Each structure stands twice: as structure tokens, then as C-alpha cells.
>>> print(open('work29.txt').read())   # compact mmCIF, C-alpha atoms
# COMPACT_ATOMS: atom_id res chain seq x y z
CA MET A 1384 0.00 0.00 0.00
CA ASP A 1385 2.77 2.39 -0.93
CA SER A 1386 0.32 5.05 -2.12
CA ALA A 1387 -2.43 4.45 0.43
CA ILE A 1388 -3.52 6.52 3.39
CA SER A 1389 -3.96 4.85 6.77
CA ILE A 1390 -6.29 6.44 9.31
CA VAL A 1391 -5.94 5.28 12.91
CA THR A 1392 -8.80 5.69 15.38
CA PRO A 1393 -8.66 4.83 19.09
CA GLY A 1394 -12.06 3.85 20.44
CA PHE A 1395 -13.63 3.19 23.82
CA ARG A 1396 -17.34 2.35 23.83
CA GLN A 1397 -18.51 5.08 21.47
CA PRO A 1398 -20.10 3.00 18.66
CA ASP A 1399 -22.53 5.69 17.52
CA LEU A 1400 -19.79 8.29 17.05
CA LEU A 1401 -17.37 5.71 15.65
CA LYS A 1402 -19.90 4.89 12.95
CA LEU A 1403 -19.97 8.52 11.77
CA CYS A 1404 -16.19 8.77 11.99
CA SER A 1405 -15.64 5.63 9.91
CA ARG A 1406 -18.17 6.63 7.27
CA SER A 1407 -16.29 9.90 6.80
CA VAL A 1408 -13.11 7.91 6.14
CA LEU A 1409 -14.61 5.32 3.80
CA ASP A 1410 -16.49 7.77 1.57
CA GLN A 1411 -13.30 9.63 0.61
CA ALA A 1412 -13.01 9.57 -3.18
CA GLY A 1413 -9.89 9.30 -5.33
CA VAL A 1414 -7.60 7.64 -2.77
CA GLU A 1415 -6.85 4.18 -1.44
CA VAL A 1416 -7.58 4.19 2.27
CA GLU A 1417 -7.58 1.84 5.23
CA HIS A 1418 -9.21 2.57 8.57
CA VAL A 1419 -7.39 1.01 11.52
CA ILE A 1420 -9.59 1.00 14.63
CA GLN A 1421 -8.25 0.11 18.06
CA GLU A 1422 -11.20 -0.57 20.38
CA GLY A 1423 -10.23 -0.76 24.03
CA GLY A 1424 -13.70 -1.10 25.54
CA GLY A 1425 -14.46 -4.69 24.57
CA PRO A 1426 -16.49 -6.24 21.73
CA PRO A 1427 -19.43 -4.27 20.32
CA ALA A 1428 -22.68 -4.79 22.21
CA PRO A 1429 -25.48 -6.67 20.43
CA GLY A 1430 -27.12 -4.32 17.96
CA ALA A 1431 -24.30 -1.77 18.09
CA TRP A 1432 -22.55 -0.63 14.93
CA GLN A 1433 -19.89 -2.95 13.58
CA PRO A 1434 -17.76 -2.35 10.48
CA ASP A 1435 -18.68 -4.38 7.41
CA ASP A 1436 -16.13 -2.95 4.96
CA ALA A 1437 -12.90 -4.80 4.16
CA ARG A 1438 -10.99 -1.52 4.37
CA VAL A 1439 -11.67 -1.36 8.11
CA LYS A 1440 -9.19 -3.20 10.31
CA LEU A 1441 -10.81 -3.51 13.74
CA THR A 1442 -8.81 -4.80 16.69
CA VAL A 1443 -10.51 -5.24 20.06
CA GLU A 1444 -7.96 -5.43 22.85
CA PRO A 1445 -7.19 -3.71 26.16
CA ASP A 1446 -4.82 -0.77 26.15
CA HIS A 1447 -3.24 1.63 28.60
CA GLY A 1448 -4.91 4.79 27.33
CA MET A 1449 -5.53 6.65 24.10
CA TYR A 1450 -1.91 7.05 23.06
CA ASP A 1451 -1.08 3.41 23.73
CA ALA A 1452 -4.09 2.49 21.56
CA LEU A 1453 -2.90 4.87 18.85
CA ASN A 1454 0.59 3.42 18.85
CA ARG A 1455 -0.84 -0.09 18.54
CA GLY A 1456 -2.83 1.08 15.54
CA LEU A 1457 0.11 2.93 14.01
CA ARG A 1458 2.17 -0.27 14.10
CA LYS A 1459 -0.57 -2.01 12.10
CA ALA A 1460 -0.99 0.80 9.55
CA ARG A 1461 0.37 0.06 6.08
CA GLY A 1462 -0.18 3.33 4.24
CA ALA A 1463 2.45 5.80 3.10
CA ILE A 1464 0.50 8.66 4.70
CA ILE A 1465 -0.91 8.48 8.22
CA GLY A 1466 -3.78 10.32 9.89
CA HIS A 1467 -5.23 10.17 13.42
CA LEU A 1468 -8.99 10.59 13.71
CA ASN A 1469 -10.79 10.25 17.03
CA CYS A 1470 -14.30 8.78 17.28
CA ASP A 1471 -15.83 12.24 17.71
CA GLU A 1472 -14.17 13.63 14.57
CA GLN A 1473 -14.85 13.38 10.84
CA TYR A 1474 -13.10 14.11 7.58
CA LEU A 1475 -14.79 16.49 5.19
CA PRO A 1476 -15.36 15.41 1.57
CA GLY A 1477 -12.21 15.42 -0.56
CA ALA A 1478 -9.90 15.83 2.43
CA LEU A 1479 -7.72 12.79 1.82
CA LEU A 1480 -7.36 13.48 -1.90
CA ARG A 1481 -6.15 17.00 -1.09
CA VAL A 1482 -3.65 15.58 1.40
CA SER A 1483 -2.42 12.94 -1.04
CA ARG A 1484 -1.89 15.53 -3.77
CA PHE A 1485 -0.11 17.87 -1.35
CA PHE A 1486 2.41 15.25 -0.31
CA ALA A 1487 2.97 14.22 -3.94
CA ALA A 1488 3.69 17.84 -4.87
CA HIS A 1489 5.93 18.47 -1.84
CA PRO A 1490 8.26 15.48 -1.40
CA GLY A 1491 10.38 17.29 1.19
CA ILE A 1492 7.48 17.86 3.59
CA GLU A 1493 6.88 15.21 6.25
CA VAL A 1494 3.90 16.71 8.13
CA VAL A 1495 1.00 18.82 6.92
CA PHE A 1496 -1.58 20.60 9.08
CA GLY A 1497 -4.96 21.53 7.62
CA ASP A 1498 -7.78 23.74 8.87
CA ALA A 1499 -10.78 22.35 10.75
CA VAL A 1500 -14.39 23.18 11.55
CA LEU A 1501 -15.70 22.82 15.10
CA ILE A 1502 -19.19 21.28 15.34
CA ASP A 1503 -21.57 20.21 18.10
CA LEU A 1504 -23.05 16.74 18.59
CA GLU A 1505 -25.88 17.54 16.17
CA GLY A 1506 -23.41 18.54 13.45
CA THR A 1507 -24.06 22.28 13.73
CA PRO A 1508 -20.94 24.31 12.82
CA LEU A 1509 -19.59 26.38 15.69
CA SER A 1510 -16.31 27.85 14.50
CA TYR A 1511 -13.61 27.75 11.83
CA ARG A 1512 -10.05 27.10 12.96
CA ARG A 1513 -7.31 28.40 10.69
CA ILE A 1514 -4.29 26.27 11.57
CA LEU A 1515 -0.72 27.57 11.56
CA ALA A 1516 2.53 25.63 11.60
CA PRO A 1517 3.41 25.15 15.28
CA LYS A 1518 6.24 27.05 16.92
CA TRP A 1519 8.53 25.64 19.61
CA ASN A 1520 8.05 28.22 22.35
CA HIS A 1521 4.32 28.72 21.85
CA THR A 1522 3.66 24.98 21.91
CA ARG A 1523 5.64 24.25 25.06
CA HIS A 1524 4.63 27.34 27.06
CA ALA A 1525 1.09 28.10 25.81
CA HIS A 1526 -0.72 25.34 23.91
CA LEU A 1527 -0.65 23.27 20.75
CA GLY A 1528 -2.40 25.30 18.07
CA THR A 1529 -3.01 22.39 15.68
CA LEU A 1530 -5.67 19.68 15.76
CA THR A 1531 -4.90 15.99 15.25
CA CYS A 1532 -7.99 15.52 13.07
CA SER A 1533 -6.44 17.71 10.37
CA THR A 1534 -2.83 16.55 10.81
CA PHE A 1535 -1.18 14.07 8.44
CA PHE A 1536 2.35 12.72 8.26
CA ARG A 1537 4.50 10.34 6.25
CA ARG A 1538 5.08 6.87 7.59
CA SER A 1539 8.82 7.59 7.36
CA LEU A 1540 8.38 9.34 10.70
CA LEU A 1541 7.20 6.07 12.23
CA ASP A 1542 10.22 4.35 10.72
CA ARG A 1543 12.32 6.91 12.61
CA GLY A 1544 10.57 6.09 15.88
CA PHE A 1545 8.19 9.05 16.15
CA PHE A 1546 5.29 7.41 17.96
CA TYR A 1547 3.05 9.09 20.53
CA PRO A 1548 4.69 9.36 23.98
CA ASP A 1549 2.26 7.17 25.88
CA HIS A 1550 3.18 8.35 29.36
CA TYR A 1551 0.72 11.16 28.60
CA GLN A 1552 -3.04 10.58 28.78
CA ALA A 1553 -4.36 13.83 27.27
CA ILE A 1554 -1.67 15.96 25.57
CA GLY A 1555 0.59 13.40 23.94
CA ASP A 1556 -0.12 15.12 20.61
CA ALA A 1557 1.63 18.27 21.87
CA ALA A 1558 4.58 16.20 23.07
CA LEU A 1559 4.86 14.48 19.68
CA VAL A 1560 4.78 17.81 17.82
CA LEU A 1561 7.50 19.16 20.11
CA ARG A 1562 9.62 16.11 19.32
CA TRP A 1563 9.09 16.76 15.62
CA LEU A 1564 10.10 20.39 16.07
CA LYS A 1565 13.17 19.47 18.08
CA ALA A 1566 14.25 17.02 15.37
CA GLY A 1567 13.79 19.56 12.58
CA VAL A 1568 10.98 17.66 10.84
CA ALA A 1569 9.77 19.58 7.76
CA MET A 1570 6.19 20.78 8.27
CA ALA A 1571 3.72 22.83 6.25
CA THR A 1572 0.10 23.94 6.28
CA LEU A 1573 -2.76 23.35 3.86
CA PRO A 1574 -5.16 26.30 4.29
CA VAL A 1575 -8.41 24.46 3.65
CA ALA A 1576 -10.86 22.74 5.99
CA LEU A 1577 -10.07 19.02 6.08
CA ALA A 1578 -11.94 17.81 9.15
CA ALA A 1579 -14.69 18.44 11.68
CA PHE A 1580 -13.95 18.33 15.42
CA THR A 1581 -16.95 17.56 17.63
CA PHE A 1582 -17.49 19.06 21.07
CA THR A 1583 -18.95 16.26 23.20
CA GLY A 1584 -18.42 17.77 26.65
CA ARG A 1585 -15.78 15.13 27.34
CA ASN A 1586 -12.90 16.29 25.13
CA LEU A 1587 -9.62 15.22 26.76
CA GLY A 1588 -7.73 18.33 25.71
CA ALA A 1589 -9.92 20.43 28.01
CA SER A 1590 -9.79 18.09 31.00
CA GLU A 1591 -8.13 18.44 34.39
CA VAL A 1592 -5.75 15.69 33.29
CA ALA A 1593 -4.58 17.90 30.42
CA ALA A 1594 -4.00 20.81 32.80
CA ARG A 1595 -1.86 18.64 35.09
CA GLU A 1596 0.08 17.21 32.18
CA LYS A 1597 0.92 20.70 30.91
CA ALA A 1598 3.34 21.07 33.82
CA ILE A 1599 4.91 17.71 32.95
CA LEU A 1600 5.27 18.80 29.33
CA GLU A 1601 7.06 21.99 30.30
CA ARG A 1602 9.44 20.12 32.56
CA GLU A 1603 10.21 17.67 29.75
CA PHE A 1604 10.85 20.31 27.11
CA GLY A 1605 12.13 23.16 29.28
CA THR A 1606 10.68 26.02 31.31
CA ASP A 1607 13.45 28.52 30.53
CA LEU A 1608 11.16 30.98 28.73
CA ALA A 1609 7.90 30.31 30.59
CA ARG A 1610 7.80 33.91 31.84
CA LEU A 1611 7.44 35.03 28.22
CA ARG A 1612 4.23 33.08 27.68
CA PRO A 1613 2.12 36.25 27.12
CA TYR A 1614 4.53 37.29 24.37
CA PHE A 1615 4.33 33.89 22.64
CA VAL A 1616 0.52 34.00 22.82
CA LEU A 1617 0.46 37.51 21.33
CA GLN A 1618 2.89 36.47 18.60
CA HIS A 1619 0.69 33.47 17.76
CA ARG A 1620 -2.42 35.65 17.49
CA PHE A 1621 -0.58 38.10 15.27
CA ARG A 1622 0.46 35.26 12.98
CA LYS A 1623 -3.15 34.07 12.88
CA ALA A 1624 -4.35 37.54 11.98
CA LEU A 1625 -1.88 37.71 9.10
CA ALA A 1626 -3.09 34.28 7.94
CA GLY A 1627 -6.72 35.44 7.83
CA ALA A 1628 -7.88 33.42 10.83
CA TYR A 1629 -10.20 36.18 12.03
CA TRP A 1630 -11.95 36.94 8.75
CA PRO A 1631 -15.68 36.27 8.34
CA ARG A 1632 -16.43 33.13 6.35
CA ARG A 1633 -19.26 31.37 4.60
CA LEU A 1634 -18.63 27.68 4.20
CA ALA A 1635 -20.69 24.58 3.42
CA VAL A 1636 -19.90 21.83 5.94
CA PRO A 1637 -21.16 18.36 4.88
CA VAL A 1638 -21.11 16.05 7.92
CA TYR A 1639 -22.70 12.91 9.29
CA SER A 1640 -24.77 13.34 12.44
CA ARG A 1641 -26.91 11.38 14.86
CA ARG A 1642 -29.91 12.62 12.87
CA SER A 1643 -28.36 11.59 9.56
CA PRO A 1644 -25.86 8.74 10.15
CA GLU A 1645 -26.15 7.26 6.64
CA ARG A 1646 -25.58 10.32 4.50
CA ARG A 1647 -23.91 13.69 4.93
CA GLU A 1648 -26.07 16.71 5.57
CA THR A 1649 -24.70 20.08 4.54
CA ARG A 1650 -24.70 22.76 7.23
CA ILE A 1651 -23.61 26.36 6.68
CA LEU A 1652 -20.97 28.16 8.71
CA SER A 1653 -21.13 31.91 8.21
CA GLY A 1654 -20.00 35.13 9.80
CA TRP A 1655 -17.30 35.93 12.32
CA ARG A 1656 -17.01 32.36 13.61
CA TYR A 1657 -13.40 31.89 14.63
CA ARG A 1658 -13.52 31.63 18.42
CA TRP A 1659 -12.92 28.54 20.53
CA PRO A 1660 -16.20 27.86 22.42
CA ALA A 1661 -16.11 29.62 25.78
CA GLU A 1662 -16.59 26.50 27.88
CA LEU A 1663 -13.39 25.04 26.45
CA ALA A 1664 -11.37 28.24 26.09
CA ARG A 1665 -7.63 27.80 26.42
>>> encode(input="work29.txt", output="C-alpha cells")
Amino acid sequence: MDSAISIVTPGFRQPDLLKLCSRSVLDQAGVEVEHVIQEGGGPPAPGAWQPDDARVKLTVEPDHGMYDALNRGLRKARGAIIGHLNCDEQYLPGALLRVSRFFAAHPGIEVVFGDAVLIDLEGTPLSYRRILAPKWNHTRHAHLGTLTCSTFFRRSLLDRGFFYPDHYQAIGDAALVLRWLKAGVAMATLPVALAAFTFTGRNLGASEVAAREKAILEREFGTDLARLRPYFVLQHRFRKALAGAYWPRRLAVPVYSRRSPERRETRILSGWRYRWPAELAR
């Protein structure tokens, strides 16, 4: 599967959301794709959704948390390009073809970050997130400004040992990006919406665990410039302004939802919709 894309999803007893997630992977046109699902919550309950497509590789086994599950899935993935999609996330139509073409046109780039749309559990668009290439000091002292649902990388990074650090439970994605940055991995952005991120009320990145792990992250990667955090935040916002992150938008967002799990429904995002929802503000 030298030209294929592998998408890895860690699951834990969320069959209804996993169904929507998997459909958004399998309906991608123009690319060869496999969906590797690591389910840590036991076999599906009677009547619950189960994959019936040969492109889905489902493994049901215990794990030691999300990042351990992801690493198990990454070791099974066979594609040349890798993506990580959680159960409560979806790809937008054409996303994987755009990613495949980007990597083909930019052989020196190892990681690409796309934009994302934030939605609620009913599929209603909440906000548009313009994603910038991460910076070392902002990521370690403020927060990771990218989203895993719109991040893709070459499997050559796995060959070099860049798996998720599984001693984290909530912010291992930030630790992995910092390791990429430290190693000089070539990264770029694709300024188009590739994925939808769903607010469920239980997002790990906004949990108390994530807040505690932030201190661990800073100790691991250095606290020497922590006092300059306000400057790094301001610099990040200035970069976002230059990239058009705060412009008004009108965008069609075709997603699966609990109301429409078999076919995408198109919702419209319009206006000045760039903020992170207040209840999960960073």
C-alpha cells in the first residue's frame, strides 16, 4: 500500500460516534484508504454498529490509554500517509485526496496541518479554525495550536521512531509535535478545511488531566522561557491575523450526524465564527 492513506482511530465504547467517523473515512473519493480502529472497551454490544467494509481493520484489545491504543494502531498501519482521527471527529469530503496531492507535490514535507471546523453533537458548525505551523516556544509554554484531526504525516516518521509518547493521557499530541520540532521535521500547512472536530463535553484536551500534564510537558521540554508566555501568545495571534484566521467566512460543511448517520447533511458556517467555544477556552 505504498500510495495508500492509513487512518488510525482509538475507540472506547462510542459506537454511535465511531460509525460517523468511519463513514467519513470510507467515503473519501480518489484515494486508497484503510481505517485502523483500536477498540479498548471490549467487543461491540449486540445491535451496536460494527464495520462491514474490508478496508476497516478492527482490533478489540485492552490498552493503557488513548496514546497506547494509537501506537498499537500505528504499528498495524500500512499506508504511506498516516492520519489520526478520534471517534468524535470526521473528515470532510475530498480531504484525503487533497492531502495525497499535497504530499505528492511536496516530497520534502513530512507533516501537513490543515484547517478544521468545530461542530456540536448535532453537526451544527460552531467555529472555523485556521491552523498555523506550530512554533517551539508557543507549543511548550502556551498550547498546541493544531488539531490531530487535520494533521497528516508520512510513515517515514514512524520508521524513525516518532510514535506518541504514551506516558501522557491527554496531551501526547503536543509532546509528539514538540519532538518533531526538536528534530527539525519539515512541516507545512494546507489552508483548507479538512476535518470536523466535535465538542462532546468530554474532550480530553480540556480536561483536568490535560491541565496537570501541561506542567509535565514543560518540565520535559524546558521552562526557561515560561515567563514570556504572554509574548508567545500575542505572537501566535498576530500570525493568525496575518493568515486570515479572524476573517468572516461562509462555508458549506457536509457532515454525518446522529440525525443523519447514513448520509452527509450540509450545514452552513457563516460570519465571524473563529472563536474557541467559551466552555473550552484555552
>>> atom_distance(input="work29.txt", atom1="atom CA of Ala1412 of chain A", atom2="atom CA of Gly1654 of chain A")
29.5 Å
>>> atom_distance(input="work29.txt", atom1="atom CA of Glu1444 of chain A", atom2="atom CA of Gln1397 of chain A")
15.0 Å
>>> atom_distance(input="work29.txt", atom1="atom CA of Val1592 of chain A", atom2="atom CA of Gly1544 of chain A")
25.7 Å
>>> closest_atom_pairs(input="work29.txt", of="segment 1429-1525 of chain A", to="segment 1536-1542 of chain A", cutoff="7 Å", atoms="all atoms listed in the file", output="JSON lines")
{"residue": "A:Ala1463", "atom": "CA", "partner": "A:Arg1538", "partner_atom": "CA", "distance": 5.3}
{"residue": "A:Ile1464", "atom": "CA", "partner": "A:Arg1537", "partner_atom": "CA", "distance": 4.6}
{"residue": "A:Ile1465", "atom": "CA", "partner": "A:Phe1536", "partner_atom": "CA", "distance": 5.3}
{"residue": "A:Gly1466", "atom": "CA", "partner": "A:Phe1536", "partner_atom": "CA", "distance": 6.8}
{"residue": "A:Glu1493", "atom": "CA", "partner": "A:Arg1537", "partner_atom": "CA", "distance": 5.4}
{"residue": "A:Val1494", "atom": "CA", "partner": "A:Phe1536", "partner_atom": "CA", "distance": 4.3}
{"residue": "A:Val1495", "atom": "CA", "partner": "A:Phe1536", "partner_atom": "CA", "distance": 6.4}
>>> closest_residue(input="work29.txt", among="A:Leu1403, A:Leu1479, A:Val1568, A:Ala1576", to="Glu1645 of chain A", atoms="all atoms listed in the file")
A:Leu1403
>>> closest_residue(input="work29.txt", among="A:Asn1454, A:Lys1459, A:Arg1481, A:Leu1409", to="Val1439 of chain A", atoms="only C-alpha atoms")
A:Leu1409
>>> closest_atom_pairs(input="work29.txt", of="segment 1581-1630 of chain A", to="segment 1513-1523 of chain A", cutoff="12 Å", atoms="all atoms listed in the file", output="CSV")
residue,atom,partner,partner_atom,distance
A:Glu1596,CA,A:Arg1523,CA,11.5
A:Lys1597,CA,A:Arg1523,CA,8.3
A:Ala1598,CA,A:Arg1523,CA,9.6
A:Ile1599,CA,A:Arg1523,CA,10.3
A:Leu1600,CA,A:Arg1523,CA,6.9
A:Glu1601,CA,A:Arg1523,CA,5.9
A:Arg1602,CA,A:Arg1523,CA,9.4
A:Glu1603,CA,A:Arg1523,CA,9.3
A:Phe1604,CA,A:Arg1523,CA,6.8
A:Gly1605,CA,A:Arg1523,CA,7.8
A:Thr1606,CA,A:Arg1523,CA,8.2
A:Asp1607,CA,A:Asn1520,CA,9.8
A:Leu1608,CA,A:Asn1520,CA,7.6
A:Ala1609,CA,A:Asn1520,CA,8.5
A:Arg1610,CA,A:Asn1520,CA,11.1
A:Leu1611,CA,A:Asn1520,CA,9.0
A:Arg1612,CA,A:His1521,CA,7.3
A:Pro1613,CA,A:His1521,CA,9.5
A:Tyr1614,CA,A:His1521,CA,8.9
A:Phe1615,CA,A:His1521,CA,5.2
A:Val1616,CA,A:His1521,CA,6.6
A:Leu1617,CA,A:His1521,CA,9.6
A:Gln1618,CA,A:His1521,CA,8.5
A:His1619,CA,A:His1521,CA,7.2
A:Arg1620,CA,A:Leu1515,CA,10.2
A:Phe1621,CA,A:Leu1515,CA,11.2
A:Arg1622,CA,A:Leu1515,CA,7.9
A:Lys1623,CA,A:Leu1515,CA,7.1
A:Ala1624,CA,A:Arg1513,CA,9.7
A:Leu1625,CA,A:Leu1515,CA,10.5
A:Ala1626,CA,A:Arg1513,CA,7.7
A:Gly1627,CA,A:Arg1513,CA,7.6
A:Ala1628,CA,A:Arg1513,CA,5.1
A:Tyr1629,CA,A:Arg1513,CA,8.4
A:Trp1630,CA,A:Arg1513,CA,9.9
>>> closest_residue(input="work29.txt", among="A:Arg1658, A:His1489, A:Arg1484, A:Arg1512", to="Val1414 of chain A", atoms="all atoms listed in the file")
A:Arg1484
>>> residues_near_point(input="work29.txt", point="(10.8, 18.7, 3.7)", cutoff="7 Å", atoms="all atoms listed in the file", output="JSON, numbers by chain")
{"A": [1490, 1491, 1492, 1493, 1569, 1570]}
>>> closest_residue(input="work29.txt", among="A:Pro1508, A:Pro1427, A:Gly1567, A:Gly1394", to="Ile1651 of chain A", atoms="all atoms listed in the file")
A:Pro1508
>>> closest_residue(input="work29.txt", among="A:Asp1446, A:His1526, A:Tyr1474, A:Thr1572", to="Gly1497 of chain A", atoms="all atoms listed in the file")
A:Thr1572
>>> residues_around(input="work29.txt", residues="Thr1442 of chain A", least_positions_apart="6", cutoff="12 Å", atoms="all atoms listed in the file", output="PyMOL selection string")
chain A and resi 1391-1395+1418-1427+1433-1434+1452-1453+1455-1456+1459-1460
>>> residues_near_point(input="work29.txt", point="(-18.8, 25.1, 17.5)", cutoff="8 Å", atoms="all atoms listed in the file", output="PyMOL selection string")
chain A and resi 1500-1503+1507-1510+1581-1582+1659-1660
>>> residues_around(input="work29.txt", residues="Gly1506 of chain A", least_positions_apart="4", cutoff="12 Å", atoms="all atoms listed in the file", output="PyMOL selection string")
chain A and resi 1400+1403+1471-1473+1500-1502+1510+1579-1583+1636-1644+1647-1652
>>> closest_residue(input="work29.txt", among="A:Leu1475, A:Phe1535, A:Asn1469, A:Val1443", to="Ile1388 of chain A", atoms="all atoms listed in the file")
A:Phe1535
